[in-house]
Amino acid sequence: MKRDLLGRRLVVTGAARGIGEKVARLAAARGARVTVIGLEADRLRALADELGPAASWREADVRDGAALRSAIDEAAEAMGGIDLVVANAGVVAYGTVRQTDEASFERVLDINLNGVFRTLKYATPHLERSRGHVLVVASALSFMPLAAMASYGASKAGAELLALTYRQEVAHLGVTVGVVHPSWINTDLVRGAEADLPSFQDLRGRLPYPGNVTTSPDKAAAAIVNGLVRRRSRVYVPRAVVVANWAKAALNSPLAWPWARRFAARAVPSLEREVAALGRHDQLTPGADAPAVKTRPSQP
């Protein structure tokens, strides 16, 4: 295992499971000191204990600015500063624009977009001191609309533009910023959607490559950690997602509209029926629906 992050001080949000957990594990194995932030205190504690004395944890909701600020400041105090940040916390909701309720739409935006804003805002003083690097986890859906995923796509498109704007704002401070664009990753988010909505798997299978493939969290984490080491401005998972970024004008052009219309006409009715039968719009991600909590200290 390479030790190319030896001594680097990393904060990961949304780190209790999924991509965030895998990033924390791999970064620690490559020498980083890590603070994991998120919900699910038991999982965060267990993860930090497993990673050893170079790791700590804080319980904070990215929707709660005061708690998140405290968590980031305490992480900096525990590690002696912050060199690297992965803004990873994110959720999904179900339903089309006409179907979903306002609270569910707003919740996704508050976590996936406003949560990134809060993370960047409160990490900036520490990153300025270290001339550090940030990776914002957006999505392939930042530039590729997909029917019935309006809230998620809007939040991730917003997160991309927020990150690119922030990059300009902090360049003179020596802080660098990158954006991560995963396609489908085999996490609780994707597995939960497939379990709740049988049509979701069929929808993904009919997308053109690379939209029809699923990548392991380990591969996603490896790409992100390599992006931290190299201070990359873009990370694509899998790498073929870069084609969708290059081709986004064509994907959203009148030329592609006939295909997109046929695709949506087949997918939307069944997805709307399944969401209605499910009786909820929020995905029941463990820990994600807990109320905002006070920041808790890491354990020795």
# chains A, B, ... in the order shown; residues from 1 in each chain; ligands from 1

call {"tool": "residues_around", "arguments": {"residues": "Val23 (chain A)", "least_positions_apart": "3", "cutoff": "9 Å", "atoms": "only C-alpha atoms", "output": "ChimeraX atom specification"}}
result
/A:12,15,18-20,26-28,86,217-218,220-222,224-225

call {"tool": "write_last_selection", "arguments": {"atoms": "N, CA, C and O atoms", "output": "PDB file, in the first residue's frame"}}
result
ATOM      1  N   VAL A  12     -13.843  13.904   6.056  1.00  0.00           N
ATOM      2  CA  VAL A  12     -14.812  13.311   5.131  1.00  0.00           C
ATOM      3  C   VAL A  12     -16.196  13.450   5.736  1.00  0.00           C
ATOM      4  O   VAL A  12     -16.432  12.991   6.871  1.00  0.00           O
ATOM      5  N   ALA A  15     -19.643  10.021   6.221  1.00  0.00           N
ATOM      6  CA  ALA A  15     -18.623   8.971   6.280  1.00  0.00           C
ATOM      7  C   ALA A  15     -19.051   7.725   7.036  1.00  0.00           C
ATOM      8  O   ALA A  15     -18.237   6.831   7.238  1.00  0.00           O
ATOM      9  N   GLY A  18     -20.915   3.660   2.865  1.00  0.00           N
ATOM     10  CA  GLY A  18     -20.821   3.954   1.443  1.00  0.00           C
ATOM     11  C   GLY A  18     -19.472   4.511   1.019  1.00  0.00           C
ATOM     12  O   GLY A  18     -18.418   4.133   1.538  1.00  0.00           O
ATOM     13  N   ILE A  19     -19.506   5.427   0.059  1.00  0.00           N
ATOM     14  CA  ILE A  19     -18.281   5.992  -0.495  1.00  0.00           C
ATOM     15  C   ILE A  19     -17.459   6.678   0.585  1.00  0.00           C
ATOM     16  O   ILE A  19     -16.237   6.545   0.645  1.00  0.00           O
ATOM     17  N   GLY A  20     -18.126   7.441   1.466  1.00  0.00           N
ATOM     18  CA  GLY A  20     -17.400   8.167   2.493  1.00  0.00           C
ATOM     19  C   GLY A  20     -16.607   7.255   3.406  1.00  0.00           C
ATOM     20  O   GLY A  20     -15.446   7.533   3.733  1.00  0.00           O
ATOM     21  N   LEU A  26      -9.393   3.943   3.000  1.00  0.00           N
ATOM     22  CA  LEU A  26      -8.263   3.908   2.083  1.00  0.00           C
ATOM     23  C   LEU A  26      -7.279   5.034   2.378  1.00  0.00           C
ATOM     24  O   LEU A  26      -6.052   4.825   2.354  1.00  0.00           O
ATOM     25  N   ALA A  27      -7.794   6.224   2.671  1.00  0.00           N
ATOM     26  CA  ALA A  27      -6.903   7.341   2.985  1.00  0.00           C
ATOM     27  C   ALA A  27      -6.084   7.055   4.231  1.00  0.00           C
ATOM     28  O   ALA A  27      -4.882   7.350   4.283  1.00  0.00           O
ATOM     29  N   ALA A  28      -6.717   6.463   5.241  1.00  0.00           N
ATOM     30  CA  ALA A  28      -5.986   6.115   6.459  1.00  0.00           C
ATOM     31  C   ALA A  28      -4.918   5.067   6.167  1.00  0.00           C
ATOM     32  O   ALA A  28      -3.790   5.149   6.679  1.00  0.00           O
ATOM     33  N   VAL A  86     -13.293  15.949   1.741  1.00  0.00           N
ATOM     34  CA  VAL A  86     -14.179  15.318   0.778  1.00  0.00           C
ATOM     35  C   VAL A  86     -15.611  15.592   1.232  1.00  0.00           C
ATOM     36  O   VAL A  86     -16.061  15.062   2.251  1.00  0.00           O
ATOM     37  N   PRO A 217     -17.910   0.482  -4.510  1.00  0.00           N
ATOM     38  CA  PRO A 217     -17.452   1.595  -3.665  1.00  0.00           C
ATOM     39  C   PRO A 217     -15.934   1.633  -3.515  1.00  0.00           C
ATOM     40  O   PRO A 217     -15.350   2.708  -3.375  1.00  0.00           O
ATOM     41  N   ASP A 218     -15.287   0.466  -3.539  1.00  0.00           N
ATOM     42  CA  ASP A 218     -13.824   0.441  -3.423  1.00  0.00           C
ATOM     43  C   ASP A 218     -13.162   1.144  -4.603  1.00  0.00           C
ATOM     44  O   ASP A 218     -12.193   1.902  -4.427  1.00  0.00           O
ATOM     45  N   ALA A 220     -14.581   3.428  -6.502  1.00  0.00           N
ATOM     46  CA  ALA A 220     -14.898   4.854  -6.384  1.00  0.00           C
ATOM     47  C   ALA A 220     -13.972   5.525  -5.375  1.00  0.00           C
ATOM     48  O   ALA A 220     -13.444   6.620  -5.622  1.00  0.00           O
ATOM     49  N   ALA A 221     -13.754   4.864  -4.238  1.00  0.00           N
ATOM     50  CA  ALA A 221     -12.874   5.431  -3.210  1.00  0.00           C
ATOM     51  C   ALA A 221     -11.446   5.563  -3.724  1.00  0.00           C
ATOM     52  O   ALA A 221     -10.765   6.563  -3.446  1.00  0.00           O
ATOM     53  N   ALA A 222     -10.969   4.570  -4.471  1.00  0.00           N
ATOM     54  CA  ALA A 222      -9.612   4.640  -5.014  1.00  0.00           C
ATOM     55  C   ALA A 222      -9.463   5.832  -5.949  1.00  0.00           C
ATOM     56  O   ALA A 222      -8.441   6.546  -5.911  1.00  0.00           O
ATOM     57  N   ILE A 224     -11.191   8.609  -5.860  1.00  0.00           N
ATOM     58  CA  ILE A 224     -11.267   9.838  -5.060  1.00  0.00           C
ATOM     59  C   ILE A 224      -9.959  10.068  -4.309  1.00  0.00           C
ATOM     60  O   ILE A 224      -9.429  11.189  -4.284  1.00  0.00           O
ATOM     61  N   VAL A 225      -9.429   9.029  -3.692  1.00  0.00           N
ATOM     62  CA  VAL A 225      -8.182   9.191  -2.941  1.00  0.00           C
ATOM     63  C   VAL A 225      -7.032   9.553  -3.881  1.00  0.00           C
ATOM     64  O   VAL A 225      -6.197  10.413  -3.559  1.00  0.00           O
TER      65      VAL A 225
END

call {"tool": "select_by_dssp", "arguments": {"residues": "region 77-239 of chain A", "states": "strand (DSSP E)", "output": "VMD selection string"}}
result
chain A and resid 84 to 87 133 to 137 176 to 182 184 to 185 214 to 215 234 to 237

call {"tool": "residues_around", "arguments": {"residues": "Val177 (chain A)", "least_positions_apart": "2", "cutoff": "9 Å", "atoms": "only C-alpha atoms", "output": "PyMOL selection string"}}
result
chain A and resi 132-136+163-164+166-168+170-171+175+179+231-234

call {"tool": "closest_residue", "arguments": {"among": "A:Gly205, A:Gly153, A:Gly174, A:Gly31", "to": "Val229 (chain A)", "atoms": "only C-alpha atoms"}}
result
A:Gly31

call {"tool": "closest_residue", "arguments": {"among": "A:Val92, A:Leu47, A:Ile82, A:Val243", "to": "Leu127 (chain A)", "atoms": "only C-alpha atoms"}}
result
A:Ile82

call {"tool": "decode", "arguments": {"residues": "region 163-298 of chain A", "atoms": "C-alpha atoms", "output": "JSON list (two decimals), in the first residue's frame"}}
result
[["chain", "number", "residue", "atom", "x", "y", "z"],
["A", 163, "ALA", "CA", -17.63, 23.88, -6.48],
["A", 164, "LEU", "CA", -16.47, 25.55, -9.71],
["A", 165, "THR", "CA", -17.41, 28.99, -8.38],
["A", 166, "TYR", "CA", -15.72, 28.29, -5.05],
["A", 167, "ARG", "CA", -12.61, 27.21, -6.98],
["A", 168, "GLN", "CA", -12.35, 30.70, -8.46],
["A", 169, "GLU", "CA", -13.01, 32.38, -5.12],
["A", 170, "VAL", "CA", -10.27, 30.57, -3.18],
["A", 171, "ALA", "CA", -7.60, 30.23, -5.88],
["A", 172, "HIS", "CA", -5.77, 33.31, -4.60],
["A", 173, "LEU", "CA", -5.65, 31.66, -1.15],
["A", 174, "GLY", "CA", -3.77, 28.69, -2.54],
["A", 175, "VAL", "CA", -6.76, 26.36, -2.07],
["A", 176, "THR", "CA", -7.57, 23.99, -4.94],
["A", 177, "VAL", "CA", -10.95, 22.42, -5.66],
["A", 178, "GLY", "CA", -12.09, 19.38, -7.62],
["A", 179, "VAL", "CA", -15.42, 17.80, -8.51],
["A", 180, "VAL", "CA", -16.18, 14.07, -8.41],
["A", 181, "HIS", "CA", -18.67, 12.67, -10.92],
["A", 182, "PRO", "CA", -19.68, 9.11, -10.03],
["A", 183, "SER", "CA", -22.16, 7.17, -12.11],
["A", 184, "TRP", "CA", -24.01, 4.37, -10.27],
["A", 185, "ILE", "CA", -22.04, 3.11, -7.27],
["A", 186, "ASN", "CA", -23.04, -0.05, -5.41],
["A", 187, "THR", "CA", -24.00, 1.72, -2.17],
["A", 188, "ASP", "CA", -27.07, 1.77, 0.06],
["A", 189, "LEU", "CA", -28.44, 4.64, -2.04],
["A", 190, "VAL", "CA", -28.55, 2.61, -5.27],
["A", 191, "ARG", "CA", -29.49, -0.68, -3.61],
["A", 192, "GLY", "CA", -32.25, 1.06, -1.66],
["A", 193, "ALA", "CA", -33.70, 2.60, -4.81],
["A", 194, "GLU", "CA", -33.72, -0.77, -6.55],
["A", 195, "ALA", "CA", -35.43, -2.39, -3.56],
["A", 196, "ASP", "CA", -38.07, 0.35, -3.28],
["A", 197, "LEU", "CA", -38.70, 0.80, -7.02],
["A", 198, "PRO", "CA", -38.39, -2.31, -9.22],
["A", 199, "SER", "CA", -38.51, -0.18, -12.38],
["A", 200, "PHE", "CA", -35.39, 1.70, -11.34],
["A", 201, "GLN", "CA", -33.09, -1.18, -12.22],
["A", 202, "ASP", "CA", -34.72, -1.51, -15.65],
["A", 203, "LEU", "CA", -34.33, 2.24, -16.21],
["A", 204, "ARG", "CA", -30.61, 2.08, -15.45],
["A", 205, "GLY", "CA", -30.15, -0.96, -17.67],
["A", 206, "ARG", "CA", -31.55, 0.90, -20.69],
["A", 207, "LEU", "CA", -29.20, 3.85, -20.41],
["A", 208, "PRO", "CA", -26.24, 4.00, -22.80],
["A", 209, "TYR", "CA", -22.79, 3.18, -21.43],
["A", 210, "PRO", "CA", -21.53, 4.17, -18.88],
["A", 211, "GLY", "CA", -24.96, 4.92, -17.45],
["A", 212, "ASN", "CA", -25.84, 1.22, -17.45],
["A", 213, "VAL", "CA", -22.94, -0.03, -15.32],
["A", 214, "THR", "CA", -22.44, -0.13, -11.56],
["A", 215, "THR", "CA", -19.06, 0.51, -9.95],
["A", 216, "SER", "CA", -17.92, -0.84, -6.58],
["A", 217, "PRO", "CA", -17.45, 1.59, -3.67],
["A", 218, "ASP", "CA", -13.82, 0.44, -3.42],
["A", 219, "LYS", "CA", -13.10, 1.57, -6.98],
["A", 220, "ALA", "CA", -14.90, 4.85, -6.38],
["A", 221, "ALA", "CA", -12.87, 5.43, -3.21],
["A", 222, "ALA", "CA", -9.61, 4.64, -5.01],
["A", 223, "ALA", "CA", -10.40, 7.23, -7.70],
["A", 224, "ILE", "CA", -11.27, 9.84, -5.06],
["A", 225, "VAL", "CA", -8.18, 9.19, -2.94],
["A", 226, "ASN", "CA", -5.98, 9.34, -6.04],
["A", 227, "GLY", "CA", -7.71, 12.64, -6.82],
["A", 228, "LEU", "CA", -6.74, 13.93, -3.39],
["A", 229, "VAL", "CA", -3.12, 12.90, -3.84],
["A", 230, "ARG", "CA", -2.88, 14.55, -7.27],
["A", 231, "ARG", "CA", -5.15, 17.50, -6.41],
["A", 232, "ARG", "CA", -7.27, 16.71, -9.44],
["A", 233, "SER", "CA", -9.86, 19.18, -10.69],
["A", 234, "ARG", "CA", -12.13, 16.41, -12.00],
["A", 235, "VAL", "CA", -12.61, 12.78, -10.99],
["A", 236, "TYR", "CA", -14.88, 10.53, -13.08],
["A", 237, "VAL", "CA", -16.12, 7.15, -11.82],
["A", 238, "PRO", "CA", -15.87, 5.19, -14.05],
["A", 239, "ARG", "CA", -13.53, 7.20, -16.25],
["A", 240, "ALA", "CA", -15.90, 6.89, -19.22],
["A", 241, "VAL", "CA", -18.24, 9.37, -17.49],
["A", 242, "VAL", "CA", -15.95, 12.07, -18.88],
["A", 243, "VAL", "CA", -17.58, 11.47, -22.27],
["A", 244, "ALA", "CA", -20.96, 12.49, -20.86],
["A", 245, "ASN", "CA", -19.43, 15.71, -19.58],
["A", 246, "TRP", "CA", -17.83, 16.49, -22.93],
["A", 247, "ALA", "CA", -21.07, 15.61, -24.73],
["A", 248, "LYS", "CA", -23.56, 17.30, -22.41],
["A", 249, "ALA", "CA", -24.50, 19.92, -25.00],
["A", 250, "ALA", "CA", -25.38, 17.15, -27.44],
["A", 251, "LEU", "CA", -27.19, 15.13, -24.75],
["A", 252, "ASN", "CA", -29.45, 18.11, -24.03],
["A", 253, "SER", "CA", -29.87, 19.21, -27.65],
["A", 254, "PRO", "CA", -32.90, 18.94, -29.95],
["A", 255, "LEU", "CA", -31.02, 16.14, -31.73],
["A", 256, "ALA", "CA", -31.18, 13.91, -28.64],
["A", 257, "TRP", "CA", -34.69, 14.91, -27.59],
["A", 258, "PRO", "CA", -36.61, 12.24, -29.56],
["A", 259, "TRP", "CA", -34.65, 9.48, -27.81],
["A", 260, "ALA", "CA", -34.97, 11.16, -24.39],
["A", 261, "ARG", "CA", -38.71, 11.59, -24.87],
["A", 262, "ARG", "CA", -39.23, 7.92, -25.78],
["A", 263, "PHE", "CA", -37.03, 6.82, -22.88],
["A", 264, "ALA", "CA", -38.96, 8.94, -20.38],
["A", 265, "ALA", "CA", -42.37, 7.95, -21.77],
["A", 266, "ARG", "CA", -41.56, 4.34, -21.01],
["A", 267, "ALA", "CA", -39.96, 4.93, -17.61],
["A", 268, "VAL", "CA", -42.05, 7.63, -15.96],
["A", 269, "PRO", "CA", -45.50, 6.00, -15.68],
["A", 270, "SER", "CA", -44.21, 2.85, -14.00],
["A", 271, "LEU", "CA", -41.94, 4.82, -11.66],
["A", 272, "GLU", "CA", -44.79, 7.12, -10.65],
["A", 273, "ARG", "CA", -47.03, 4.12, -9.93],
["A", 274, "GLU", "CA", -44.35, 2.50, -7.81],
["A", 275, "VAL", "CA", -43.69, 5.68, -5.83],
["A", 276, "ALA", "CA", -47.43, 6.09, -5.21],
["A", 277, "ALA", "CA", -47.66, 2.48, -4.03],
["A", 278, "LEU", "CA", -44.60, 2.96, -1.82],
["A", 279, "GLY", "CA", -46.35, 5.78, 0.00],
["A", 280, "ARG", "CA", -43.26, 7.93, 0.60],
["A", 281, "HIS", "CA", -40.75, 10.04, -1.30],
["A", 282, "ASP", "CA", -37.75, 9.95, 1.02],
["A", 283, "GLN", "CA", -35.38, 7.02, 0.86],
["A", 284, "LEU", "CA", -35.03, 5.52, 4.32],
["A", 285, "THR", "CA", -31.28, 5.78, 4.59],
["A", 286, "PRO", "CA", -30.14, 4.68, 8.07],
["A", 287, "GLY", "CA", -29.33, 7.68, 10.23],
["A", 288, "ALA", "CA", -30.14, 10.24, 7.54],
["A", 289, "ASP", "CA", -33.55, 11.11, 8.96],
["A", 290, "ALA", "CA", -32.35, 11.62, 12.51],
["A", 291, "PRO", "CA", -32.82, 15.13, 13.91],
["A", 292, "ALA", "CA", -29.88, 17.47, 13.96],
["A", 293, "VAL", "CA", -27.65, 16.60, 16.89],
["A", 294, "LYS", "CA", -25.01, 18.28, 18.93],
["A", 295, "THR", "CA", -21.45, 17.56, 17.94],
["A", 296, "ARG", "CA", -19.92, 14.78, 19.99],
["A", 297, "PRO", "CA", -16.25, 14.35, 20.72],
["A", 298, "SER", "CA", -14.08, 11.65, 19.29]]
